[in-house]
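> Input target.cif, format and content: mmCIF, C-alpha atoms.
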```
data_model
#
loop_
_atom_site.label_atom_id
_atom_site.label_comp_id
_atom_site.auth_asym_id
_atom_site.auth_seq_id
_atom_site.Cartn_x
_atom_site.Cartn_y
_atom_site.Cartn_z
CA MET N 1 0.00 0.00 0.00
CA LYS N 2 1.16 3.48 -0.83
CA PRO N 3 1.64 5.80 2.10
CA VAL N 4 -0.94 8.52 2.36
CA LYS N 5 0.57 11.90 1.68
CA LYS N 6 -0.30 14.72 4.02
CA ASN N 7 -1.46 17.86 2.30
CA LYS N 8 -0.43 20.17 5.07
CA ALA N 9 2.14 19.89 7.78
CA GLU N 10 0.61 19.26 11.13
CA GLU N 11 0.78 22.39 13.23
CA PRO N 12 2.07 21.91 16.76
CA GLU N 13 -0.63 22.26 19.38
CA LEU N 14 -0.36 25.31 21.59
CA GLU N 15 0.37 24.64 25.21
CA PRO N 16 -2.47 25.62 27.54
CA LEU N 17 -1.97 28.85 29.46
CA CYS N 18 -1.57 28.83 33.19
CA CYS N 19 -3.59 31.18 35.37
CA CYS N 20 -0.95 33.94 35.19
CA GLU N 21 -0.11 33.73 31.49
CA TYR N 22 -1.82 35.50 28.61
CA ILE N 23 -1.44 36.39 24.94
CA ASP N 24 -0.59 40.08 24.65
CA ARG N 25 -1.59 42.49 21.88
CA ASN N 26 1.47 41.48 19.85
CA GLY N 27 0.35 37.84 19.82
CA GLU N 28 3.12 36.69 22.15
CA LYS N 29 2.83 34.76 25.37
CA ASN N 30 3.44 36.92 28.42
CA HIS N 31 3.23 36.66 32.20
CA VAL N 32 1.53 38.84 34.78
CA ALA N 33 4.76 39.10 36.79
CA ALA N 34 6.47 40.69 33.77
CA CYS N 35 4.01 43.58 33.55
CA LEU N 36 6.79 46.14 34.14
CA CYS N 37 9.37 44.57 31.83
CA ASP N 38 10.22 45.81 28.31
CA CYS N 39 8.01 48.87 28.57
CA GLN N 40 9.72 51.39 26.33
CA ASP N 41 6.72 53.71 26.09
CA LEU N 42 6.40 53.99 29.87
CA ASP N 43 10.16 54.51 30.26
CA GLU N 44 10.11 57.25 27.65
CA GLY N 45 7.17 58.95 29.34
CA CYS N 46 8.86 58.83 32.76
CA ASP N 47 12.11 60.21 31.35
CA ARG N 48 10.31 63.14 29.73
CA TRP N 49 8.34 63.77 32.90
CA ILE N 50 11.51 63.78 35.06
CA THR N 51 13.28 66.14 32.67
CA CYS N 52 10.21 68.44 32.64
CA LYS N 53 9.51 67.83 28.96
CA SER N 54 6.03 67.61 27.54
CA VAL N 55 4.64 64.19 26.72
CA GLY N 56 2.91 64.06 23.34
CA PRO N 57 -0.64 62.73 22.99
CA GLU N 58 0.59 59.81 20.88
CA THR N 59 2.98 58.77 23.64
CA CYS N 60 0.21 59.01 26.24
CA GLU N 61 -2.05 56.89 24.06
CA ARG N 62 0.63 54.23 23.67
CA ILE N 63 1.24 54.22 27.42
CA MET N 64 -2.47 53.77 28.12
CA ASP N 65 -2.69 50.96 25.56
CA THR N 66 0.26 49.22 27.20
CA ILE N 67 -1.19 49.60 30.68
CA SER N 68 -4.63 48.37 29.61
CA ASP N 69 -3.05 45.35 27.87
CA ARG N 70 -0.90 44.35 30.86
CA LEU N 71 -3.36 45.11 33.64
CA ARG N 72 -4.69 41.60 34.21
CA ILE N 73 -5.74 39.32 37.02
CA PRO N 74 -4.95 35.58 37.27
CA TRP N 75 -7.78 33.42 35.97
CA LEU N 76 -8.44 29.88 34.83
CA ARG N 77 -6.90 29.14 31.42
CA GLY N 78 -5.17 32.50 31.22
CA ALA N 79 -5.12 35.88 32.93
CA ARG N 80 -8.09 38.13 32.23
CA LYS N 81 -7.79 41.77 31.18
CA VAL N 82 -9.18 44.38 33.57
CA ASN N 83 -10.87 47.39 32.01
CA ILE N 84 -8.93 50.35 33.37
CA SER N 85 -11.96 52.65 33.31
CA ILE N 86 -13.61 50.80 36.22
CA LEU N 87 -10.73 51.53 38.63
CA PRO N 88 -10.87 55.33 39.23
CA PRO N 89 -14.27 55.34 41.01
CA LEU N 90 -13.15 52.55 43.34
CA PHE N 91 -10.33 54.70 44.70
CA LEU N 92 -11.33 58.31 44.12
CA LEU N 93 -14.91 58.26 45.42
CA PRO N 94 -14.11 57.19 49.03
CA VAL N 95 -11.14 59.55 49.15
CA PHE N 96 -13.11 62.55 47.89
CA LEU N 97 -16.07 61.96 50.20
CA ARG N 98 -13.89 61.52 53.28
CA VAL N 99 -11.87 64.64 52.44
CA ALA N 100 -15.14 66.55 51.97
CA SER N 101 -16.18 65.49 55.48
CA TRP N 102 -13.31 67.36 57.13
CA HIS N 103 -14.79 70.83 56.70
CA PHE N 104 -17.81 72.57 55.24
CA LEU N 105 -15.78 74.49 52.64
CA LEU N 106 -13.99 71.32 51.54
CA GLY N 107 -17.37 69.69 51.15
CA VAL N 108 -18.59 72.50 48.90
CA VAL N 109 -15.46 72.34 46.72
CA VAL N 110 -15.43 68.55 46.39
CA LEU N 111 -19.16 68.11 45.80
CA THR N 112 -19.06 70.85 43.17
CA SER N 113 -16.03 69.43 41.39
CA LEU N 114 -17.31 65.84 41.21
CA PRO N 115 -20.15 66.56 38.72
CA VAL N 116 -17.81 68.79 36.71
CA LEU N 117 -15.22 66.02 36.43
CA ALA N 118 -17.90 63.48 35.52
CA LEU N 119 -19.28 65.75 32.77
CA TRP N 120 -15.78 66.42 31.45
CA TYR N 121 -15.05 62.70 31.22
CA TYR N 122 -18.44 62.12 29.58
CA TYR N 123 -17.83 64.66 26.84
CA LEU N 124 -14.29 63.33 26.36
CA THR N 125 -15.47 59.77 25.75
CA HIS N 126 -18.57 60.89 23.85
CA ARG N 127 -16.47 62.92 21.42
CA ARG N 128 -14.22 59.94 20.78
CA LYS N 129 -17.24 57.61 20.42
CA GLU N 130 -15.72 55.13 22.83
CA GLN N 131 -17.35 52.69 25.20
CA THR N 132 -16.46 53.13 28.85
CA LEU N 133 -17.27 51.30 32.06
CA PHE N 134 -16.44 54.35 34.17
CA PHE N 135 -20.03 55.48 34.74
CA LEU N 136 -21.35 51.97 35.30
CA SER N 137 -18.57 51.38 37.82
CA LEU N 138 -19.28 54.75 39.43
CA GLY N 139 -23.00 54.01 39.74
CA LEU N 140 -22.61 50.51 41.16
CA PHE N 141 -19.82 51.47 43.54
CA SER N 142 -21.78 54.53 44.69
CA LEU N 143 -24.71 52.28 45.57
CA GLY N 144 -22.45 49.89 47.46
CA TYR N 145 -20.51 52.59 49.26
CA MET N 146 -23.62 54.55 50.30
CA TYR N 147 -25.10 51.34 51.69
CA TYR N 148 -21.85 50.57 53.51
CA VAL N 149 -21.78 54.02 55.13
CA PHE N 150 -25.44 53.63 56.07
CA LEU N 151 -24.73 50.31 57.82
CA GLN N 152 -21.58 51.54 59.55
CA GLU N 153 -22.58 55.05 60.59
CA VAL N 154 -26.38 55.42 60.55
CA VAL N 155 -27.79 52.09 61.73
CA PRO N 156 -25.70 51.91 64.97
CA LYS N 157 -27.26 55.19 66.14
CA GLY N 158 -30.48 53.29 66.84
CA ARG N 159 -32.94 55.39 64.85
CA VAL N 160 -33.37 52.89 62.00
CA GLY N 161 -35.33 49.77 62.87
CA PRO N 162 -35.12 46.34 61.23
CA THR N 163 -38.19 46.98 59.09
CA ARG N 164 -36.79 50.17 57.59
CA LEU N 165 -33.42 48.55 57.01
CA ALA N 166 -35.04 45.57 55.31
CA LEU N 167 -37.09 47.89 53.09
CA LEU N 168 -34.00 49.85 52.06
CA THR N 169 -32.08 46.63 51.39
CA CYS N 170 -34.95 45.31 49.29
CA GLY N 171 -34.91 48.52 47.25
CA LEU N 172 -31.17 48.12 46.65
CA PHE N 173 -31.60 44.58 45.34
CA LEU N 174 -34.49 45.68 43.12
CA ILE N 175 -32.25 48.38 41.63
CA LEU N 176 -29.59 45.80 40.80
CA LEU N 177 -32.19 43.49 39.28
CA ALA N 178 -33.66 46.26 37.15
CA LEU N 179 -30.17 47.31 36.02
CA TYR N 180 -29.45 43.73 35.05
CA ARG N 181 -32.60 43.69 32.93
CA ALA N 182 -31.75 47.08 31.42
CA LYS N 183 -28.29 45.81 30.48
CA GLY N 184 -29.89 43.16 28.29
CA ASN N 185 -30.34 43.22 24.54
CA PRO N 186 -31.89 46.60 23.63
CA GLY N 187 -33.13 45.25 20.31
CA TYR N 188 -30.07 44.77 18.15
CA LEU N 189 -30.71 44.32 14.46
CA ARG N 190 -28.71 41.33 13.25
CA ASN N 191 -27.86 40.62 9.67
CA PRO N 192 -29.61 37.40 8.58
CA ALA N 193 -27.55 34.70 6.91
CA SER N 194 -29.21 35.32 3.56
CA ASN N 195 -28.18 39.00 3.62
CA ASP N 196 -24.54 38.71 4.61
CA ARG N 197 -23.44 40.79 1.65
CA SER N 198 -24.59 44.29 0.91
CA PRO N 199 -26.78 44.81 -2.13
CA SER N 200 -25.09 45.82 -5.33
CA GLY N 201 -25.57 49.15 -7.00
CA SER N 202 -28.26 47.76 -9.30
CA GLN N 203 -30.15 46.26 -6.36
CA THR N 204 -30.03 49.56 -4.48
CA GLU N 205 -31.26 51.44 -7.52
CA CYS N 206 -34.06 48.93 -7.88
CA LEU N 207 -35.10 49.52 -4.27
CA ILE N 208 -35.18 53.27 -4.85
CA ARG N 209 -36.98 52.92 -8.18
CA LYS N 210 -39.75 50.81 -6.65
CA GLY N 211 -40.51 53.58 -4.20
CA PRO N 212 -43.57 53.50 -2.00
CA ASP N 213 -45.43 50.63 -3.68
CA LYS N 214 -42.82 47.99 -2.84
CA THR N 215 -41.76 49.14 0.60
CA LYS N 216 -42.35 46.78 3.46
CA GLY N 217 -44.20 47.93 6.52
CA PHE N 218 -42.77 47.83 10.02
CA PRO N 219 -44.70 48.35 13.26
CA GLY N 220 -44.46 51.69 14.94
CA ALA N 221 -42.91 53.45 11.97
CA ASP N 222 -43.46 56.76 10.24
CA LEU N 223 -46.73 56.97 8.35
CA SER N 224 -46.59 60.62 7.46
CA GLY N 225 -44.93 60.01 4.10
CA GLY N 226 -42.65 62.94 4.82
CA LEU N 227 -38.95 63.32 5.20
CA ASN N 228 -36.86 60.67 6.88
CA ASN N 229 -35.25 61.40 10.24
CA ARG N 230 -31.69 60.54 9.18
CA THR N 231 -29.17 63.34 9.31
CA PRO N 232 -27.17 64.49 6.27
CA LYS N 233 -24.09 63.39 8.18
CA ASP N 234 -25.40 59.84 8.38
CA GLU N 235 -26.30 59.89 4.70
CA ALA N 236 -22.80 61.02 3.80
CA LYS N 237 -21.43 58.06 5.70
CA GLY N 238 -23.14 55.57 3.44
CA SER N 239 -26.70 55.08 4.59
CA CYS N 240 -28.68 54.65 1.40
CA ARG N 241 -32.27 55.76 1.76
CA THR N 242 -35.29 54.69 -0.20
CA ALA N 243 -37.93 57.03 -1.45
CA ALA N 244 -40.71 58.32 0.75
CA GLY N 245 -43.43 55.80 1.51
CA SER N 246 -47.13 55.98 0.87
CA PRO N 247 -49.61 56.30 3.78
CA THR N 248 -49.95 52.50 3.92
CA LYS N 249 -46.26 51.67 3.62
CA VAL N 250 -43.23 52.61 5.62
CA LYS N 251 -39.73 53.67 4.67
CA GLU N 252 -36.70 51.53 5.25
CA ASP N 253 -33.02 52.44 5.44
CA TRP N 254 -30.05 50.46 4.30
CA CYS N 255 -27.22 50.58 6.85
CA ALA N 256 -23.93 50.23 5.01
CA ARG N 257 -22.05 49.46 8.22
CA CYS N 258 -24.30 46.68 9.53
CA GLN N 259 -25.18 45.51 5.99
CA LEU N 260 -28.90 45.30 6.64
CA VAL N 261 -32.17 47.07 5.99
CA ARG N 262 -33.37 48.77 9.13
CA PRO N 263 -36.98 49.74 9.85
CA ALA N 264 -38.10 53.25 10.69
CA ARG N 265 -37.06 54.58 14.12
CA ALA N 266 -34.06 52.24 14.12
CA TRP N 267 -30.66 53.91 14.32
CA HIS N 268 -27.05 52.92 14.10
CA CYS N 269 -25.18 53.50 17.37
CA ARG N 270 -21.66 54.62 16.57
CA ILE N 271 -20.51 53.70 20.08
CA CYS N 272 -21.88 50.14 20.12
CA GLY N 273 -21.31 49.74 16.37
CA VAL N 274 -24.70 48.13 15.69
CA CYS N 275 -28.23 49.16 14.72
CA VAL N 276 -30.90 49.19 17.44
CA LYS N 277 -34.67 48.98 16.97
CA ARG N 278 -36.49 52.09 18.19
CA MET N 279 -33.27 53.45 19.63
CA ASP N 280 -33.78 56.09 22.31
CA HIS N 281 -30.18 56.91 23.25
CA HIS N 282 -26.89 55.37 24.31
CA CYS N 283 -26.78 55.44 28.11
CA VAL N 284 -23.33 55.64 29.67
CA TRP N 285 -24.70 54.60 33.07
CA ILE N 286 -25.44 51.10 31.77
CA ASN N 287 -22.82 51.18 28.97
CA SER N 288 -25.46 50.12 26.49
CA CYS N 289 -28.15 51.46 24.22
CA VAL N 290 -31.72 51.99 25.34
CA GLY N 291 -33.99 50.56 22.69
CA GLU N 292 -37.20 48.70 22.09
CA SER N 293 -36.39 45.66 24.22
CA ASN N 294 -34.93 47.31 27.34
CA HIS N 295 -36.61 50.74 27.47
CA GLN N 296 -39.20 49.56 30.00
CA ALA N 297 -36.53 48.06 32.26
CA PHE N 298 -34.56 51.31 32.02
CA ILE N 299 -37.55 53.36 33.17
CA LEU N 300 -38.22 50.87 35.98
CA ALA N 301 -34.60 51.08 37.15
CA LEU N 302 -34.80 54.88 37.27
CA LEU N 303 -38.06 54.78 39.23
CA ILE N 304 -36.81 52.27 41.80
CA PHE N 305 -33.54 54.17 42.21
CA LEU N 306 -35.33 57.46 42.86
CA LEU N 307 -37.66 55.94 45.44
CA THR N 308 -34.88 54.04 47.23
CA SER N 309 -32.49 56.98 47.18
CA MET N 310 -35.04 59.42 48.58
CA TYR N 311 -35.96 56.91 51.28
CA GLY N 312 -32.31 56.44 52.28
CA ILE N 313 -31.74 60.21 52.35
CA THR N 314 -34.78 60.67 54.57
CA LEU N 315 -33.64 57.98 57.03
CA THR N 316 -30.11 59.42 57.23
CA LEU N 317 -31.22 63.02 57.79
CA ASP N 318 -33.75 61.90 60.38
CA THR N 319 -30.88 60.23 62.25
CA ILE N 320 -28.19 62.94 62.16
CA CYS N 321 -30.52 65.98 62.19
CA ARG N 322 -33.35 65.11 64.52
CA ASP N 323 -36.55 67.11 64.88
CA ARG N 324 -36.07 68.79 61.51
CA SER N 325 -37.76 68.31 58.18
CA VAL N 326 -35.80 66.79 55.34
CA PHE N 327 -35.61 70.01 53.33
CA THR N 328 -34.57 72.07 56.36
CA ALA N 329 -31.94 69.54 57.43
CA LEU N 330 -30.33 69.64 54.00
CA PHE N 331 -29.48 73.33 54.36
CA TYR N 332 -29.38 73.83 58.11
CA CYS N 333 -28.11 71.11 60.40
CA PRO N 334 -26.10 72.74 63.24
CA GLY N 335 -23.28 70.72 64.76
CA VAL N 336 -23.14 68.19 61.97
CA TYR N 337 -19.40 68.80 61.40
CA ALA N 338 -18.59 68.49 65.11
CA ASN N 339 -18.52 64.71 64.74
CA TYR N 340 -16.69 63.03 61.87
CA SER N 341 -19.28 60.25 61.66
CA SER N 342 -22.18 62.64 61.23
CA ALA N 343 -20.11 64.80 58.84
CA LEU N 344 -19.44 61.78 56.63
CA CYS N 345 -23.12 60.89 56.64
CA PHE N 346 -24.08 64.48 55.78
CA THR N 347 -21.56 64.55 52.90
CA CYS N 348 -22.87 61.26 51.54
CA VAL N 349 -26.41 62.64 51.75
CA TRP N 350 -25.49 65.62 49.61
CA TYR N 351 -23.66 63.37 47.16
CA SER N 352 -26.80 61.23 46.92
CA VAL N 353 -28.93 64.34 46.45
CA ILE N 354 -26.79 65.46 43.49
CA ILE N 355 -26.98 62.04 41.84
CA THR N 356 -30.70 61.75 42.55
CA ALA N 357 -31.39 65.19 41.08
CA GLY N 358 -29.58 64.23 37.87
CA MET N 359 -31.47 60.94 37.60
CA ALA N 360 -34.76 62.71 38.34
CA TYR N 361 -34.14 65.04 35.40
CA ILE N 362 -33.45 62.07 33.11
CA PHE N 363 -36.58 60.34 34.42
CA LEU N 364 -38.70 63.46 33.79
CA ILE N 365 -37.43 63.80 30.22
CA GLN N 366 -38.15 60.13 29.61
CA LEU N 367 -41.72 60.46 30.89
CA ILE N 368 -42.32 63.47 28.65
CA ASN N 369 -40.89 61.71 25.60
CA ILE N 370 -43.00 58.63 26.21
CA SER N 371 -46.11 60.80 26.59
CA TYR N 372 -45.44 62.33 23.16
CA ASN N 373 -44.24 59.01 21.64
CA VAL N 374 -40.85 60.39 20.68
CA THR N 375 -37.36 59.07 21.37
CA GLU N 376 -34.43 61.14 22.58
CA ARG N 377 -32.66 60.50 19.29
CA GLU N 378 -35.64 61.91 17.39
CA VAL N 379 -35.76 64.93 19.70
CA GLN N 380 -32.13 65.79 19.01
CA GLN N 381 -32.73 65.28 15.30
CA ALA N 382 -35.77 67.58 15.34
CA LEU N 383 -33.82 70.28 17.20
CA ARG N 384 -30.99 70.20 14.67
CA GLN N 385 -33.32 70.33 11.70
CA LYS N 386 -35.75 72.73 13.43
CA THR N 387 -38.71 70.51 12.63
CA GLY N 388 -39.99 69.99 16.18
CA ARG N 389 -42.41 72.08 18.17
CA ARG N 390 -41.07 73.36 21.50
CA LEU N 391 -43.41 73.40 24.49
CA LEU N 392 -42.98 74.40 28.14
CA CYS N 393 -39.89 76.56 27.57
CA GLY N 394 -38.18 73.91 25.48
CA LEU N 395 -38.63 71.08 27.99
CA VAL N 396 -41.00 69.32 25.57
CA VAL N 397 -40.19 68.79 21.89
CA ASP N 398 -43.10 67.40 19.89
CA THR N 399 -42.09 66.08 16.47
CA GLY N 400 -45.72 65.36 15.53
CA GLN N 401 -44.83 62.13 13.72
CA TYR N 402 -45.85 59.25 15.94
CA SER N 403 -47.99 60.75 18.71
CA ARG N 404 -51.56 59.45 18.84
CA GLY N 405 -52.62 60.76 22.21
CA PHE N 406 -51.40 60.41 25.78
CA LEU N 407 -53.10 57.10 26.66
CA ARG N 408 -52.38 55.40 23.37
CA ASN N 409 -48.74 56.50 23.49
CA TRP N 410 -48.32 54.92 26.91
CA HIS N 411 -50.16 51.81 25.76
CA GLN N 412 -47.73 51.44 22.89
CA PHE N 413 -44.78 51.91 25.25
CA SER N 414 -46.16 49.29 27.64
CA THR N 415 -46.33 46.77 24.79
CA LEU N 416 -42.85 47.36 23.37
CA GLY N 417 -41.13 44.16 22.38
CA THR N 418 -44.24 42.03 22.85
CA HIS N 419 -46.10 42.25 19.56
CA PRO N 420 -46.21 44.55 16.56
CA PHE N 421 -48.21 47.70 17.01
CA HIS N 422 -50.45 48.36 14.02
CA HIS N 423 -51.76 51.77 13.20
CA PRO N 424 -55.55 52.05 13.03
CA ALA N 425 -57.22 53.36 9.92
CA GLU N 426 -57.97 56.77 11.35
CA ASP N 427 -54.24 57.42 11.89
CA ILE N 428 -53.43 56.62 8.28
CA VAL N 429 -55.91 59.05 6.77
#
```
Is it possible to give me this structure as structure tokens?

Amino acid sequence: MKPVKKNKAEEPELEPLCCCEYIDRNGEKNHVAACLCDCQDLDEGCDRWITCKSVGPETCERIMDTISDRLRIPWLRGARKVNISILPPLFLLPVFLRVASWHFLLGVVVLTSLPVLALWYYYLTHRRKEQTLFFLSLGLFSLGYMYYVFLQEVVPKGRVGPTRLALLTCGLFLILLALYRAKGNPGYLRNPASNDRSPSGSQTECLIRKGPDKTKGFPGADLSGGLNNRTPKDEAKGSCRTAAGSPTKVKEDWCARCQLVRPARAWHCRICGVCVKRMDHHCVWINSCVGESNHQAFILALLIFLLTSMYGITLTLDTICRDRSVFTALFYCPGVYANYSSALCFTCVWYSVIITAGMAYIFLIQLINISYNVTEREVQQALRQKTGRRLLCGLVVDTGQYSRGFLRNWHQFSTLGTHPFHHPAEDIV
């Protein structure tokens, strides 16, 4: 018998990684213990810093890439990378709050600078269109740290009974559960196997030539037959748009990036890199989009957080500022800085008030948008194109495209993701 010839040389099997080994960004095997070895970018940055020379942005970016690649923790079958954006809140938040507890003026400076720093970091990442776990880490760690301070400083004073503590703890777990639901799939539009490749130029022209008579209908879409909501910027980036639809048909958009046809009210998120059905906005607090499938869970998480936060603030102020109303104790609580424990509690209360006020504003805007059946993305689009109608000093922006009355708008929101919502005949006429 003739020996069977092998077509290809057998490749040697890779050895399994131990818990401290990993494959770095250069494709080479590395070890956690060697995280400070062969780091030319970091050495160059330190040398320039010691000699009082400026470090260029490219050097800083390379240093951050190196740190993020080598910052790992031992794990089964190889060390896991740790996202560097989750670390600053874990260290800075306790330090800032404890420093703010030393004196009233320090508290004013720190509590004023924290929102400013958070907004600066938000606009920095938003401009770069990058995903970040900073705000999710800040939110979760703030919940845990506020609860820790409550258990260590407020409960031992004897003013909070077991029932109140159990109610607050239950609210905390409900917040985490709602956040877990909100972190789920917001309604990503996936490219089916039959449409892996984008349509050719002739196919696209055929879609446009067919116009309104051959356009498929999607639930909850624009029936006005007017202009599409896509920006000129999006069109310039390759989103091919079909002609305006008839009253009984709806327009569809071809997304050149996702290689799929998206229904009306679906948008491409440049941060997540995928199209989302009925996209409202990209929320940095959950590091995900808010869309058709998780919008209800997002609203529920906001509601539970507001109720739990206000309840915790009330219990804390009732303990450290007795015989005073909540509003009065916020602005006038004599002797609160005489004791470090009460000063820390008072500082955490004001930190919670700032966060709660910001979330309350987001919750209010969401309620208004739902009442007018408009998404935040459509509001921003209407403001740029000056097609929306401003109400209540600009707090309300009515686009007039999808609203069918207060009750019916809320009914449609309550049924998102369950079944298609069909427009009745009187809305089409």
> Using only C-alpha atoms, which residue out of N:Thr387, N:Gln296, N:Thr66, N:Thr132 lies closest to His411 (chain N)?
N:Gln296
> Which residue, N:Arg62, N:Arg164, N:Lys277, N:Arg322, has the smallest gap to Asp41 (chain N) when you use all atoms listed in the file?
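Using all atoms listed in the file, the shortest distance to Asp41 (chain N) belongs to N:Arg62.
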> Could you please determine the separation between CA of Arg377 (chain N) and CA of Ser137 (chain N) in Å, to one decimal place?
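Distance reported for this atom pair: 25.0 Å.
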> Between CA of Ile67 (chain N) and CA of Pro16 (chain N), what is the spacing in Å?
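The value is 24.2 Å.
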> Hey, could you make a per-residue contact list for region 312-418 of chain N against region 250-268 of chain N with 12 Å as the cut-off, showing the nearest pair of atoms and its distance in Å to one decimal, counting all atoms listed in the file, sorted by chain and number, as a Markdown table?

```
| residue | atom | partner | partner_atom | distance |
| --- | --- | --- | --- | --- |
| N:Asn373 | CA | N:Arg265 | CA | 11.3 |
| N:Val374 | CA | N:Arg265 | CA | 9.5 |
| N:Thr375 | CA | N:Arg265 | CA | 8.5 |
| N:Glu376 | CA | N:Arg265 | CA | 11.0 |
| N:Arg377 | CA | N:Trp267 | CA | 8.5 |
| N:Glu378 | CA | N:Arg265 | CA | 8.2 |
| N:Val379 | CA | N:Arg265 | CA | 11.8 |
| N:Gln381 | CA | N:Trp267 | CA | 11.6 |
| N:Gln401 | CA | N:Arg265 | CA | 10.8 |
| N:Tyr402 | CA | N:Arg265 | CA | 10.1 |
```
> Please reconstruct the missing atoms of region 140-155 of chain N (target: N, CA, C and O atoms) and return them as a compact mmCIF listing (two decimals), in the frame of the given file.

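Done, and the output landed in rebuild.txt:
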```txt
# COMPACT_ATOMS: atom_id res chain seq x y z
N LEU N 140 -22.52 51.69 40.30
CA LEU N 140 -22.61 50.51 41.16
C LEU N 140 -21.81 50.69 42.44
O LEU N 140 -22.27 50.31 43.54
N PHE N 141 -20.62 51.27 42.34
CA PHE N 141 -19.82 51.47 43.54
C PHE N 141 -20.44 52.53 44.45
O PHE N 141 -20.32 52.44 45.68
N SER N 142 -21.08 53.53 43.87
CA SER N 142 -21.78 54.53 44.69
C SER N 142 -22.90 53.88 45.49
O SER N 142 -23.09 54.18 46.67
N LEU N 143 -23.66 52.99 44.85
CA LEU N 143 -24.71 52.28 45.57
C LEU N 143 -24.12 51.46 46.73
O LEU N 143 -24.63 51.51 47.85
N GLY N 144 -23.05 50.71 46.42
CA GLY N 144 -22.45 49.89 47.46
C GLY N 144 -21.83 50.70 48.58
O GLY N 144 -21.98 50.36 49.77
N TYR N 145 -21.17 51.79 48.24
CA TYR N 145 -20.51 52.59 49.26
C TYR N 145 -21.52 53.35 50.12
O TYR N 145 -21.33 53.48 51.34
N MET N 146 -22.58 53.88 49.51
CA MET N 146 -23.62 54.55 50.30
C MET N 146 -24.28 53.57 51.27
O MET N 146 -24.57 53.91 52.42
N TYR N 147 -24.51 52.34 50.81
CA TYR N 147 -25.10 51.34 51.69
C TYR N 147 -24.15 50.95 52.81
O TYR N 147 -24.57 50.73 53.95
N TYR N 148 -22.86 50.88 52.49
CA TYR N 148 -21.85 50.57 53.51
C TYR N 148 -21.80 51.66 54.58
O TYR N 148 -21.77 51.36 55.79
N VAL N 149 -21.78 52.92 54.17
CA VAL N 149 -21.78 54.02 55.13
C VAL N 149 -23.05 54.01 55.96
O VAL N 149 -23.03 54.28 57.17
N PHE N 150 -24.17 53.68 55.34
CA PHE N 150 -25.44 53.63 56.07
C PHE N 150 -25.39 52.56 57.16
O PHE N 150 -25.85 52.78 58.29
N LEU N 151 -24.82 51.39 56.83
CA LEU N 151 -24.73 50.31 57.82
C LEU N 151 -23.72 50.64 58.93
O LEU N 151 -23.95 50.30 60.10
N GLN N 152 -22.63 51.29 58.58
CA GLN N 152 -21.58 51.54 59.55
C GLN N 152 -21.82 52.76 60.41
O GLN N 152 -21.42 52.79 61.59
N GLU N 153 -22.47 53.78 59.88
CA GLU N 153 -22.58 55.05 60.59
C GLU N 153 -24.00 55.40 61.02
O GLU N 153 -24.18 56.06 62.05
N VAL N 154 -25.00 55.00 60.26
CA VAL N 154 -26.38 55.42 60.55
C VAL N 154 -27.12 54.39 61.40
O VAL N 154 -27.75 54.74 62.41
N VAL N 155 -27.04 53.13 61.01
CA VAL N 155 -27.79 52.09 61.73
C VAL N 155 -27.38 51.98 63.19
O VAL N 155 -28.24 51.83 64.07
```
